[in-house]
Structure formats: C-alpha cells, structure tokens
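Visitor: Pasting final_2.txt here (compact mmCIF, C-alpha atoms):
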# COMPACT_ATOMS: atom_id res chain seq x y z
CA MET A 1 0.00 0.00 0.00
CA SER A 2 1.43 3.31 -1.02
CA PRO A 3 1.86 5.72 1.87
CA VAL A 4 0.70 8.49 -0.43
CA SER A 5 -2.58 9.73 1.03
CA ALA A 6 -5.50 8.74 -1.18
CA GLY A 7 -7.93 10.67 0.98
CA HIS A 8 -6.00 13.93 0.89
CA SER A 9 -5.34 13.50 -2.83
CA ALA A 10 -9.10 13.26 -3.31
CA LEU A 11 -9.56 16.45 -1.27
CA VAL A 12 -7.15 18.24 -3.59
CA TYR A 13 -8.80 16.81 -6.69
CA ASP A 14 -12.29 17.73 -5.55
CA ALA A 15 -11.13 21.28 -4.88
CA LEU A 16 -9.74 21.52 -8.42
CA LYS A 17 -13.03 20.28 -9.84
CA ALA A 18 -14.93 22.80 -7.71
CA CYS A 19 -12.81 25.56 -9.30
CA GLY A 20 -13.98 24.51 -12.75
CA ILE A 21 -10.69 22.93 -13.80
CA ARG A 22 -11.26 20.85 -16.95
CA VAL A 23 -7.68 20.25 -18.17
CA VAL A 24 -4.86 18.93 -16.03
CA SER A 25 -1.33 18.50 -17.31
CA ALA A 26 0.96 16.23 -15.35
CA LEU A 27 4.22 14.41 -15.24
CA PRO A 28 4.11 11.48 -12.84
CA GLU A 29 5.84 11.59 -9.50
CA THR A 30 5.25 9.46 -6.41
CA TRP A 31 3.20 11.95 -4.43
CA LEU A 32 0.97 12.68 -7.42
CA VAL A 33 -0.05 9.11 -8.28
CA HIS A 34 -3.57 9.32 -6.86
CA LEU A 35 -4.20 12.77 -8.28
CA ILE A 36 -3.17 11.62 -11.75
CA ARG A 37 -5.35 8.50 -11.52
CA LEU A 38 -8.32 10.59 -10.40
CA ALA A 39 -7.87 12.84 -13.42
CA GLU A 40 -7.43 9.84 -15.71
CA ASP A 41 -10.61 8.16 -14.49
CA ASP A 42 -12.75 11.31 -14.66
CA PRO A 43 -14.70 11.57 -17.94
CA ASP A 44 -15.13 15.32 -17.37
CA MET A 45 -11.36 15.93 -17.15
CA THR A 46 -8.79 16.05 -19.94
CA LEU A 47 -5.50 14.72 -18.58
CA VAL A 48 -2.45 15.64 -20.66
CA ARG A 49 0.55 13.49 -19.84
CA LEU A 50 3.72 15.41 -20.58
CA ALA A 51 7.25 14.50 -21.59
CA LYS A 52 8.57 17.55 -19.71
CA GLU A 53 6.82 19.99 -17.42
CA GLU A 54 7.53 23.11 -19.49
CA GLU A 55 5.07 21.82 -22.10
CA GLY A 56 2.35 22.20 -19.50
CA VAL A 57 2.83 25.97 -19.52
CA GLY A 58 2.04 26.05 -23.24
CA ILE A 59 -0.93 23.73 -22.84
CA SER A 60 -2.38 25.80 -20.00
CA ALA A 61 -1.82 28.98 -22.00
CA GLY A 62 -3.62 27.54 -25.01
CA ALA A 63 -6.49 26.25 -22.88
CA HIS A 64 -6.85 29.62 -21.15
CA LEU A 65 -6.85 31.60 -24.39
CA ALA A 66 -9.56 29.22 -25.63
CA GLY A 67 -11.67 29.69 -22.51
CA VAL A 68 -10.95 26.51 -20.56
CA LYS A 69 -9.58 26.40 -16.99
CA SER A 70 -6.57 24.20 -16.34
CA ALA A 71 -4.09 23.21 -13.66
CA MET A 72 -0.55 21.83 -13.67
CA LEU A 73 0.63 18.96 -11.48
CA MET A 74 4.37 18.64 -11.09
CA GLN A 75 7.22 17.91 -8.73
CA ASN A 76 9.37 20.82 -7.62
CA HIS A 77 12.04 19.59 -10.03
CA GLY A 78 9.37 20.01 -12.70
CA LEU A 79 9.06 23.63 -11.63
CA LEU A 80 12.80 23.95 -12.19
CA ALA A 81 12.38 22.43 -15.65
CA ALA A 82 9.53 24.80 -16.54
CA VAL A 83 11.07 28.13 -15.53
CA ASN A 84 11.68 29.56 -18.99
CA GLY A 85 8.13 28.79 -20.08
CA ILE A 86 6.73 30.33 -16.91
CA VAL A 87 8.68 33.55 -17.46
CA SER A 88 8.61 33.90 -21.24
CA CYS A 89 5.11 32.59 -21.87
CA ALA A 90 2.93 32.83 -18.75
CA GLN A 91 4.41 35.97 -17.19
CA LEU A 92 5.18 37.78 -20.44
CA TYR A 93 1.66 37.15 -21.75
CA ARG A 94 -0.19 37.43 -18.43
CA ILE A 95 -1.52 33.87 -18.39
CA PRO A 96 -3.05 32.59 -15.16
CA LEU A 97 -1.38 29.33 -14.15
CA LEU A 98 -2.58 27.22 -11.25
CA MET A 99 0.47 25.16 -10.33
CA LEU A 100 0.29 22.34 -7.77
CA ILE A 101 3.86 21.38 -6.93
CA SER A 102 4.90 18.47 -4.76
CA HIS A 103 7.37 19.88 -2.28
CA ARG A 104 9.93 17.12 -2.20
CA GLY A 105 13.29 17.31 -0.50
CA THR A 106 12.27 19.02 2.73
CA PHE A 107 12.11 17.85 6.37
CA GLY A 108 11.57 14.09 6.44
CA GLU A 109 12.87 13.45 2.91
CA ARG A 110 14.69 10.13 2.62
CA ASP A 111 15.67 10.31 -1.06
CA PRO A 112 19.04 12.05 -1.22
CA TRP A 113 18.47 13.09 -4.83
CA GLN A 114 15.47 15.26 -3.89
CA THR A 115 17.20 17.38 -1.30
CA GLU A 116 18.79 20.08 -3.46
CA GLY A 117 15.49 20.84 -5.18
CA GLY A 118 13.69 21.04 -1.88
CA ALA A 119 16.19 23.57 -0.64
CA VAL A 120 15.63 26.05 -3.48
CA THR A 121 11.93 25.74 -4.26
CA GLU A 122 10.54 28.52 -2.08
CA ASP A 123 13.38 30.91 -2.91
CA LEU A 124 12.84 30.23 -6.61
CA LEU A 125 9.13 31.03 -6.33
CA LYS A 126 10.01 34.26 -4.53
CA THR A 127 12.59 35.17 -7.16
CA LEU A 128 10.01 34.59 -9.86
CA ARG A 129 7.53 36.72 -7.85
CA ILE A 130 5.05 33.85 -7.91
CA PRO A 131 2.64 33.99 -4.94
CA TYR A 132 2.46 30.67 -3.13
CA LEU A 133 0.99 28.96 -0.10
CA LEU A 134 1.74 25.62 1.51
CA LEU A 135 -0.83 22.85 1.50
CA ASP A 136 0.13 20.97 4.63
CA ASP A 137 -3.20 20.57 6.42
CA PRO A 138 -6.35 18.97 4.98
CA ALA A 139 -8.44 21.63 6.69
CA HIS A 140 -6.89 24.28 4.40
CA VAL A 141 -6.99 22.45 1.09
CA GLY A 142 -10.32 23.52 -0.34
CA ARG A 143 -10.05 27.15 0.68
CA ARG A 144 -6.45 27.64 -0.41
CA ILE A 145 -6.97 26.04 -3.80
CA ARG A 146 -10.01 28.24 -4.35
CA GLN A 147 -8.05 31.31 -3.25
CA ALA A 148 -5.13 30.41 -5.51
CA GLN A 149 -7.41 30.02 -8.51
CA THR A 150 -9.11 33.33 -7.73
CA LEU A 151 -5.78 35.16 -7.50
CA ALA A 152 -4.39 33.53 -10.65
CA HIS A 153 -7.37 34.76 -12.65
CA SER A 154 -7.71 38.20 -11.09
CA SER A 155 -3.97 38.89 -11.56
CA ASN A 156 -3.58 36.95 -14.83
CA LYS A 157 -0.40 35.45 -13.42
CA PRO A 158 0.99 32.15 -12.17
CA VAL A 159 0.14 31.13 -8.61
CA ALA A 160 1.60 28.09 -6.83
CA LEU A 161 0.53 25.71 -4.09
CA LEU A 162 3.17 23.49 -2.52
CA LEU A 163 1.87 20.01 -1.72
CA CYS A 164 3.69 19.19 1.52
CA ARG A 165 4.74 15.94 3.12
CA ASP A 166 2.32 16.32 6.02
CA LEU A 167 -0.59 16.39 3.57
CA MET A 168 0.55 13.90 0.93
CA TRP A 169 2.37 11.21 2.87
CA GLU A 170 0.88 8.91 5.50
CA GLU A 171 3.99 7.18 6.73
CA PRO A 172 3.65 6.13 10.35
CA SER A 173 5.92 8.33 12.42
CA MET B 1 22.42 31.31 -50.21
CA SER B 2 22.19 29.69 -46.82
CA GLY B 3 19.23 27.68 -45.67
CA ALA B 4 17.86 24.36 -46.75
CA PRO B 5 19.71 23.24 -49.90
CA GLY B 6 17.57 22.60 -52.92
CA THR B 7 14.61 24.65 -51.85
CA ALA B 8 13.39 27.53 -53.96
CA MET B 9 10.78 28.62 -51.42
CA THR B 10 10.96 31.48 -48.97
CA ARG B 11 8.87 31.37 -45.82
CA LEU B 12 7.12 34.59 -46.80
CA GLU B 13 6.08 33.08 -50.14
CA ALA B 14 4.81 29.99 -48.37
CA LEU B 15 2.81 32.04 -45.85
CA GLU B 16 1.39 34.23 -48.61
CA ALA B 17 0.32 31.19 -50.61
CA ILE B 18 -1.79 29.75 -47.78
CA TYR B 19 -2.89 33.00 -46.14
CA PRO B 20 -6.36 32.78 -47.76
CA ARG B 21 -6.80 29.31 -46.24
CA LEU B 22 -6.33 30.45 -42.64
CA GLY B 23 -9.98 31.47 -42.33
CA ASP B 24 -11.19 31.40 -38.74
CA ALA B 25 -8.51 28.96 -37.61
CA ALA B 26 -6.64 29.72 -34.41
CA VAL B 27 -3.15 30.48 -35.74
CA VAL B 28 -0.07 30.42 -33.50
CA THR B 29 3.40 31.44 -34.65
CA ILE B 30 6.81 31.30 -33.07
CA MET B 31 8.82 34.44 -32.44
CA GLY B 32 10.82 36.62 -34.75
CA ALA B 33 10.71 36.29 -38.50
CA VAL B 34 7.61 34.09 -38.73
CA ALA B 35 5.60 36.49 -36.57
CA ALA B 36 6.80 39.55 -38.46
CA GLU B 37 6.17 38.00 -41.86
CA LEU B 38 2.64 36.84 -41.07
CA GLN B 39 1.86 40.31 -39.68
CA SER B 40 3.25 41.85 -42.87
CA LEU B 41 0.60 39.95 -44.81
CA GLY B 42 -2.13 41.36 -42.58
CA HIS B 43 -2.76 40.77 -38.90
CA ARG B 44 -6.07 39.22 -37.95
CA PRO B 45 -7.58 38.71 -34.49
CA ASN B 46 -7.31 34.94 -34.78
CA PHE B 47 -3.49 35.12 -35.06
CA PHE B 48 -1.33 34.80 -31.92
CA TYR B 49 2.41 35.43 -32.01
CA LEU B 50 4.32 33.68 -29.21
CA GLN B 51 7.20 36.13 -29.14
CA HIS B 52 9.38 34.10 -26.79
CA ALA B 53 9.14 30.77 -24.96
CA MET B 54 10.93 28.93 -27.76
CA GLY B 55 9.51 25.46 -28.21
CA LEU B 56 6.13 26.09 -26.66
CA ALA B 57 4.14 27.12 -29.75
CA SER B 58 3.27 23.49 -30.48
CA SER B 59 2.29 22.89 -26.83
CA LEU B 60 0.15 26.03 -26.86
CA GLY B 61 -1.46 24.78 -30.07
CA LEU B 62 -2.21 21.47 -28.36
CA GLY B 63 -3.91 23.32 -25.50
CA LEU B 64 -6.01 25.30 -27.97
CA ALA B 65 -6.90 22.20 -29.97
CA LEU B 66 -8.01 20.24 -26.90
CA ALA B 67 -10.02 23.17 -25.57
CA GLN B 68 -11.83 23.90 -28.84
CA PRO B 69 -12.03 20.62 -30.75
CA ASN B 70 -14.36 22.08 -33.37
CA ARG B 71 -11.95 24.82 -34.41
CA GLN B 72 -8.98 24.27 -36.72
CA VAL B 73 -5.67 25.16 -35.06
CA ILE B 74 -2.58 25.90 -37.16
CA VAL B 75 0.87 26.27 -35.58
CA PHE B 76 3.73 27.84 -37.54
CA ASP B 77 6.79 26.39 -35.82
CA GLY B 78 10.46 26.54 -36.78
CA ASP B 79 13.40 24.15 -36.71
CA GLY B 80 15.21 25.95 -33.91
CA SER B 81 12.07 26.14 -31.79
CA LEU B 82 10.97 22.56 -32.36
CA LEU B 83 14.46 21.30 -31.54
CA MET B 84 13.95 22.84 -28.08
CA ASN B 85 10.79 20.79 -27.47
CA LEU B 86 11.21 17.50 -29.32
CA GLY B 87 9.53 15.71 -26.42
CA GLY B 88 6.45 17.76 -27.18
CA LEU B 89 6.08 15.81 -30.44
CA THR B 90 5.37 12.72 -28.36
CA THR B 91 2.69 14.62 -26.45
CA LEU B 92 1.10 15.88 -29.68
CA ALA B 93 1.11 12.33 -31.02
CA ARG B 94 -0.31 10.92 -27.81
CA TYR B 95 -3.41 13.11 -27.94
CA ARG B 96 -3.32 13.55 -31.76
CA PRO B 97 -6.03 16.23 -31.99
CA ALA B 98 -7.63 15.97 -35.41
CA ASN B 99 -7.94 19.75 -35.60
CA LEU B 100 -4.21 20.54 -35.29
CA LEU B 101 -1.93 21.26 -38.24
CA HIS B 102 1.69 21.67 -37.15
CA VAL B 103 3.75 23.43 -39.82
CA VAL B 104 7.50 23.64 -39.29
CA PHE B 105 9.41 26.16 -41.38
CA ASP B 106 12.86 24.60 -41.55
CA ASN B 107 15.55 27.00 -42.74
CA GLU B 108 18.24 24.93 -41.06
CA SER B 109 19.43 27.91 -39.08
CA LEU B 110 18.79 30.22 -36.16
CA LEU B 111 18.29 33.09 -38.54
CA SER B 112 17.26 35.86 -36.20
CA VAL B 113 20.35 35.50 -34.03
CA GLY B 114 22.93 35.41 -36.79
CA GLY B 115 22.12 32.43 -38.95
CA PHE B 116 23.98 29.78 -37.03
CA PRO B 117 23.16 26.36 -38.46
CA THR B 118 20.82 24.04 -36.55
CA ALA B 119 21.05 20.25 -36.44
CA THR B 120 18.69 19.94 -39.40
CA SER B 121 21.58 21.31 -41.51
CA THR B 122 23.59 18.20 -40.65
CA GLY B 123 20.85 15.69 -41.33
CA SER B 124 18.39 15.66 -38.43
CA ASP B 125 15.01 15.06 -40.04
CA LEU B 126 12.12 16.70 -38.18
CA ALA B 127 9.38 15.01 -40.21
CA ALA B 128 10.94 11.62 -39.51
CA MET B 129 11.17 12.49 -35.82
CA ALA B 130 7.50 13.48 -35.78
CA ALA B 131 6.56 10.23 -37.52
CA ALA B 132 8.66 8.23 -35.09
CA ALA B 133 6.98 10.06 -32.20
CA GLY B 134 3.67 8.81 -33.53
CA VAL B 135 2.30 11.81 -35.43
CA PRO B 136 -0.02 10.09 -37.92
CA ARG B 137 0.61 12.32 -40.96
CA THR B 138 3.98 13.86 -41.78
CA ALA B 139 5.60 15.26 -44.90
CA THR B 140 8.52 17.38 -46.04
CA VAL B 141 8.04 19.80 -48.92
CA ARG B 142 10.43 22.08 -50.81
CA THR B 143 8.28 24.07 -53.23
CA ARG B 144 5.40 26.48 -52.85
CA GLU B 145 3.13 24.28 -54.95
CA ALA B 146 3.89 21.22 -52.85
CA PHE B 147 3.40 23.24 -49.67
CA VAL B 148 -0.04 24.49 -50.68
CA ALA B 149 -1.08 20.99 -51.74
CA ALA B 150 0.17 19.52 -48.47
CA VAL B 151 -1.67 22.14 -46.39
CA ASP B 152 -4.89 21.50 -48.31
CA ALA B 153 -4.49 17.75 -47.87
CA ALA B 154 -3.82 18.10 -44.14
CA LEU B 155 -6.83 20.35 -43.57
CA ALA B 156 -9.03 17.97 -45.55
CA ALA B 157 -7.70 14.91 -43.75
CA ARG B 158 -8.74 16.18 -40.30
CA THR B 159 -5.80 14.26 -38.86
CA LEU B 160 -2.90 15.59 -36.80
CA THR B 161 -0.19 16.51 -39.29
CA THR B 162 3.38 17.75 -38.94
CA LEU B 163 4.37 19.38 -42.21
CA VAL B 164 8.02 20.40 -42.58
CA ALA B 165 8.53 23.12 -45.18
CA LYS B 166 12.14 23.54 -46.18
CA VAL B 167 12.68 27.26 -46.77
CA GLN B 168 15.50 29.63 -47.58
CA ALA B 169 17.23 31.31 -44.66
CA VAL B 170 15.96 34.78 -45.41
CA GLY B 171 13.72 36.99 -43.34
CA PRO B 172 12.63 40.52 -42.61
CA SER B 173 15.12 43.21 -41.62
CA ALA B 174 13.43 43.78 -38.25
CA PHE B 175 11.30 41.71 -35.92
CA VAL B 176 9.58 44.18 -33.60
CA THR B 177 6.16 45.17 -34.90
CA ALA B 178 3.64 47.79 -33.86
CA LEU B 179 1.34 45.21 -32.31
CA SER B 180 1.85 45.01 -28.55
CA LEU B 181 2.25 41.52 -27.14
CA LEU B 182 -0.55 41.95 -24.64
CA GLU B 183 -2.90 43.60 -27.11
CA ASN B 184 -2.41 40.58 -29.36
CA ARG B 185 -2.95 38.15 -26.48
CA PHE B 186 -6.21 39.68 -25.23
CA GLN B 187 -7.57 40.21 -28.74
CA PHE B 188 -6.87 36.55 -29.57
CA GLN B 189 -8.55 35.35 -26.39
CA ARG B 190 -11.63 37.50 -27.04
CA TYR B 191 -11.83 36.16 -30.58
CA LEU B 192 -11.69 32.55 -29.43
CA THR B 193 -14.03 32.85 -26.49
CA HIS B 194 -16.69 35.14 -27.92
CA ALA B 195 -16.75 34.08 -31.54
CA ALA B 196 -18.34 30.73 -30.87
CA ASP B 197 -19.54 28.40 -28.20
CA VAL B 198 -16.70 26.96 -26.20
CA PRO B 199 -17.20 23.26 -25.83
CA VAL B 200 -15.81 21.66 -22.71
CA PRO B 201 -13.18 19.09 -23.60
CA ARG B 202 -13.80 15.49 -22.81
Take the structure in the file and write it out as structure tokens.
Guide:
Amino acid sequence: MSPVSAGHSALVYDALKACGIRVVSALPETWLVHLIRLAEDDPDMTLVRLAKEEEGVGISAGAHLAGVKSAMLMQNHGLLAAVNGIVSCAQLYRIPLLMLISHRGTFGERDPWQTEGGAVTEDLLKTLRIPYLLLDDPAHVGRRIRQAQTLAHSSNKPVALLLCRDLMWEEPS
Amino acid sequence: MSGAPGTAMTRLEALEAIYPRLGDAAVVTIMGAVAAELQSLGHRPNFFYLQHAMGLASSLGLGLALAQPNRQVIVFDGDGSLLMNLGGLTTLARYRPANLLHVVFDNESLLSVGGFPTATSTGSDLAAMAAAAGVPRTATVRTREAFVAAVDAALAARTLTTLVAKVQAVGPSAFVTALSLLENRFQFQRYLTHAADVPVPR
C-alpha cells in the first residue's frame, strides 16, 4: 500500500473540480499518483501526460486563451524544468497558471536526490515573484486552492501551491 | 544562399500562398521572423504570435486544440524552436487532436540571431522524428506548390499533421512590430471565447 494519502489526494482533486478545472497536465511523480489516476478516471477531465513539465505551460496557455480552466501537477524539479516557459510565456503574456507542486526534498525526505530541489523551491518562487501557499493541512486544502485560482485569474499570473509531506504522505511516524 | 539546400521557397512566399486558407482557424506562430512575416501579410484577431518561450508554440497549439475541438488550429513552428521541445512531439502524437496542423518552417538555421546552423543542416530530419513520435501524418516539402497541396491535404484529412517546409534562410530586416504583445494576447482570447460556443473538452 502506497503511503501516499488517497484521501487527501481526493480532497485536492475535488477542490480543483470545484474551481472549474477541466484540463490537467501532469508528469508522474510518487506523491501525485492518486491525483493523476483521479484525473485519468474522470470523464469530465482532460488529462495531458507530458514529456517535460515546461510543455504544461504552453498547454495551459492555449487552454486559457480558448476559454478553458486548467491546472498543472508537477514535482518541484518540474518547476525547475519549466522556468523559462513560466517567465517567457505565462508571465510575459499574463496567463493565469494554477500550479500544484509536490514539495519534495524538505524535512523528512529520505531520497538524497530530492534534497537540493527542496532547498531552493521557495526561494525560486520568490525570485520569480510567484505567490504561493503551503498545502500541509487537509483543513486548508479547499479554501487555499479556491483562493489560488481566484488570484491567478484576477492577476492573470501564475500562482503556486506546494503540496507538503504532512498532507501527501501517511507514513507512520 | 544559406538555408535548406535545394529549396526555392521562402517562408514569406509559403505564408502568402496559404494566407487565404487560414480562415477562422486559431493560428499560432513562433517568435521573430515568422511572426513579423505573417503580420506583414495582414494581422487578424485569430493570429497569436508567441514572441518568446521557444519550443512552446506546439504545446500552446495542443492546449487550444483540446479546448476547442471544433476549431482548426494551425501552428507555424520553426526548426530551432521545435528542436527545443522534441519531447512535445510525443505529447502531440499521444493526444493527436484531429484539428491541429503543425507546420515547421525549416531554414536549417537560427536566422534571427545570426544564422547559425541548426542540427537539421547536418541531417536531423524533423518530419521523420514526428513520424517516429507517432504523429499520424507527416511530410517534407520544398516548393510552394507542394506546400499548398500539403496544407490543403492536411486540412481535408482532419488528422494531426506535422508538415516540414524547407525554406531559404531569409527573413525581414526587423522583428519588432507595432502590435503590442498583450494587445495581441487579449484580442486573440476574445476572438476565441466570444466568436463561438466553447465546448468543454472530454
């Protein structure tokens, strides 16, 4: 049984649906498995599986210009891989992006290869002037996703939510 | 003359030849010469010029095509841009929207930054890469007549097509136009979202 929280993933997914999200782009990562399966199994959702996260910026931009709301699911290393697209497509052209980013490599991380990315994620978001909040408590999920979507569309800019270990992982302590 | 050997076609001639066929399609171009040349033929509200973000024009076209499956989408890509997002060909092929025509103007160089040769000048074959990625229809053309025929065939086929047009490495003397990036972006969005019903994708 995967220690990734199915229940909290469903909370996140339901909040995205409640925001009117109809297109989700994603590149698989451990913490996102349930979210991706929920999107895949939902006949009202178009799931776009990517080769690299930067493509998702273009797909979300196209969907937005055509009147459809979208979200991006990625690991924080996917954020690193998408930076040029975020700056030179989404920010240059004032495209709202709702980015849900698994915040790997922070306190509790066992995979050594994740730790550098975890150390730079929040500073990178600040450098890019992307507003973000942590999703680390199921009680906040619905409201913060709704608030993020509202800000993305009122500002026409990218907004990020960091999916944290305390929300996504159910390992016994 | 630099550019693709054996081609008599310029990109401007190719664009001019199919300009009347663009109709109400959502048209996306890459930055620089392609954007400036299409604007020189006459800007229309259904044209969007992605003036940076090299590689993402095809991904943006995929997003448009999935969001509005009843509207034709035409992307004017380039060899330098597509080489930055070859993985995106596999994503196009995976979802293979029937309403997407992906044109790649291949002048075998990065013309706007000094004409340095790209890998297509040493044999990398973008149409073959698209076919190998799973794009169901691909072709490479070298004349204006063949280009027009291939565009007509692709639009009639209603099947995802990557069409590589080998063109000479010539372009306009300047790339900045009078159309502001954001004016273009909001005009394009208004055209797409008010001109017709917006079906929700599956």
Visitor: Residues of chain A within 12 Å of chain B, counting only C-alpha atoms - could you list those as a short mmCIF file (atom, residue, chain, number, x, y, z; two decimals) with C-alpha atoms, in the coordinates of the input?
Guide:
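Generated file (part-v3.cif):
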data_model
loop_
_atom_site.label_atom_id
_atom_site.label_comp_id
_atom_site.auth_asym_id
_atom_site.auth_seq_id
_atom_site.Cartn_x
_atom_site.Cartn_y
_atom_site.Cartn_z
CA GLY A 20 -13.98 24.51 -12.75
CA ILE A 21 -10.69 22.93 -13.80
CA ARG A 22 -11.26 20.85 -16.95
CA VAL A 23 -7.68 20.25 -18.17
CA VAL A 24 -4.86 18.93 -16.03
CA SER A 25 -1.33 18.50 -17.31
CA ALA A 26 0.96 16.23 -15.35
CA LEU A 27 4.22 14.41 -15.24
CA ALA A 39 -7.87 12.84 -13.42
CA GLU A 40 -7.43 9.84 -15.71
CA ASP A 41 -10.61 8.16 -14.49
CA ASP A 42 -12.75 11.31 -14.66
CA PRO A 43 -14.70 11.57 -17.94
CA ASP A 44 -15.13 15.32 -17.37
CA MET A 45 -11.36 15.93 -17.15
CA THR A 46 -8.79 16.05 -19.94
CA LEU A 47 -5.50 14.72 -18.58
CA VAL A 48 -2.45 15.64 -20.66
CA ARG A 49 0.55 13.49 -19.84
CA LEU A 50 3.72 15.41 -20.58
CA ALA A 51 7.25 14.50 -21.59
CA LYS A 52 8.57 17.55 -19.71
CA GLU A 53 6.82 19.99 -17.42
CA GLU A 54 7.53 23.11 -19.49
CA GLU A 55 5.07 21.82 -22.10
CA GLY A 56 2.35 22.20 -19.50
CA VAL A 57 2.83 25.97 -19.52
CA GLY A 58 2.04 26.05 -23.24
CA ILE A 59 -0.93 23.73 -22.84
CA SER A 60 -2.38 25.80 -20.00
CA ALA A 61 -1.82 28.98 -22.00
CA GLY A 62 -3.62 27.54 -25.01
CA ALA A 63 -6.49 26.25 -22.88
CA HIS A 64 -6.85 29.62 -21.15
CA LEU A 65 -6.85 31.60 -24.39
CA ALA A 66 -9.56 29.22 -25.63
CA GLY A 67 -11.67 29.69 -22.51
CA VAL A 68 -10.95 26.51 -20.56
CA LYS A 69 -9.58 26.40 -16.99
CA SER A 70 -6.57 24.20 -16.34
CA ALA A 71 -4.09 23.21 -13.66
CA ALA A 82 9.53 24.80 -16.54
CA VAL A 83 11.07 28.13 -15.53
CA ASN A 84 11.68 29.56 -18.99
CA GLY A 85 8.13 28.79 -20.08
CA ILE A 86 6.73 30.33 -16.91
CA VAL A 87 8.68 33.55 -17.46
CA SER A 88 8.61 33.90 -21.24
CA CYS A 89 5.11 32.59 -21.87
CA ALA A 90 2.93 32.83 -18.75
CA GLN A 91 4.41 35.97 -17.19
CA LEU A 92 5.18 37.78 -20.44
CA TYR A 93 1.66 37.15 -21.75
CA ARG A 94 -0.19 37.43 -18.43
CA ILE A 95 -1.52 33.87 -18.39
CA ASN A 156 -3.58 36.95 -14.83
#
Visitor: Could you state the separation of atom CA of A:Asp136 and atom CA of A:Ile101 in Å, given to one decimal place?
Guide: 12.2 Å
Visitor: Calculated over only C-alpha atoms, which of the candidates B:Val151, B:Gly115, B:Ala93, B:Val27 has the smallest distance to B:Ala133?
Guide: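 Nearest to B:Ala133: B:Ala93.
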Visitor: Quick one: residues within 9 Å of B:Ala130, all atoms listed in the file, excluding same-chain residues fewer than 2 positions away - as JSON, numbers by chain?
Guide: {"B": [86, 89, 90, 93, 125, 126, 127, 128, 132, 133, 134, 135, 136, 137, 138, 161, 162]}
Visitor: Env of stretch 157-163 of chain A: 10 Å cut, atoms = all atoms listed in the file, seq-sep filter 5 positions within chain, self excluded. Answer as an MDAnalysis selection string.
Guide: chainID A and resid 9 12 31:32 57 72:76 79 86:87 90:104 121:122 125 128:137 141 144:145 147:152 168:169
Visitor: With a distance cut-off of 6 Å and all atoms listed in the file, select the neighbouring residues of stretch 5-14 of chain B, excluding the residue or stretch itself and same-chain residues fewer than 4 positions from it, and output the selection as a list in words.
Guide: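 So, after excluding close chain neighbours, the residues are Arg142, Thr143, Arg144, Val167 and Gln168 of chain B.
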Visitor: Kindly give the distance, in Å, that separates atom CA of A:Ala119 and atom CA of A:Phe107, rounded to a single decimal.
Guide: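 Going from atom CA of A:Ala119 over to atom CA of A:Phe107 covers 9.9 Å.
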Visitor: Is it possible to get the axis-aligned box enclosing stretch 85-100 of chain A (all listed atoms, 5 Å extra per side) as lines of an AutoDock Vina configuration file, with centre and edge lengths in Å rounded to one decimal?
Guide:
center_x = 2.8
center_y = 30.1
center_z = -14.8
size_x = 21.7
size_y = 25.4
size_z = 24.1
Visitor: Would you please work out which residue, of B:Leu160, B:Ala119, B:Val73, B:Ala165, is nearest to B:Val103 when using all atoms listed in the file?
Guide: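 That would be B:Ala165, the residue with the smallest distance to B:Val103.
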Visitor: Can you list, as a ChimeraX atom specification, every protein, DNA or RNA residue that comes within 6 Å of B:Lys166 when you count all atoms listed in the file, leaving out same-chain residues fewer than 6 positions away?
Guide: /B:4,106-107,142
Visitor: Okay, now the selection with C-alpha atoms, as a PDB file, in the frame of the given file?
Guide:
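Produced file again35.pdb, reproduced below:
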ATOM      1  CA  ALA B   4      17.860  24.360 -46.750  1.00  0.00           C
ATOM      2  CA  ASP B 106      12.860  24.600 -41.550  1.00  0.00           C
ATOM      3  CA  ASN B 107      15.550  27.000 -42.740  1.00  0.00           C
ATOM      4  CA  ARG B 142      10.430  22.080 -50.810  1.00  0.00           C
TER       5      ARG B 142
END
Visitor: Mind listing as an mmCIF file with C-alpha atoms, keeping the file's coordinate frame all residues within 8 Å of (12.3, 38.0, -44.1), counting all atoms listed in the file?
Guide:
data_model
loop_
_atom_site.group_PDB
_atom_site.id
_atom_site.type_symbol
_atom_site.label_atom_id
_atom_site.label_comp_id
_atom_site.auth_asym_id
_atom_site.auth_seq_id
_atom_site.Cartn_x
_atom_site.Cartn_y
_atom_site.Cartn_z
ATOM 1 C CA ARG B 11 8.870 31.370 -45.820
ATOM 2 C CA LEU B 12 7.120 34.590 -46.800
ATOM 3 C CA ALA B 33 10.710 36.290 -38.500
ATOM 4 C CA GLU B 37 6.170 38.000 -41.860
ATOM 5 C CA VAL B 170 15.960 34.780 -45.410
ATOM 6 C CA GLY B 171 13.720 36.990 -43.340
ATOM 7 C CA PRO B 172 12.630 40.520 -42.610
ATOM 8 C CA SER B 173 15.120 43.210 -41.620
#
Visitor: Expressed in Å to a single decimal, how great is the separation between atom CA of B:Phe175 and atom CA of B:Phe76?
Guide: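 One can read the atom CA of B:Phe175 to atom CA of B:Phe76 distance as 15.9 Å.
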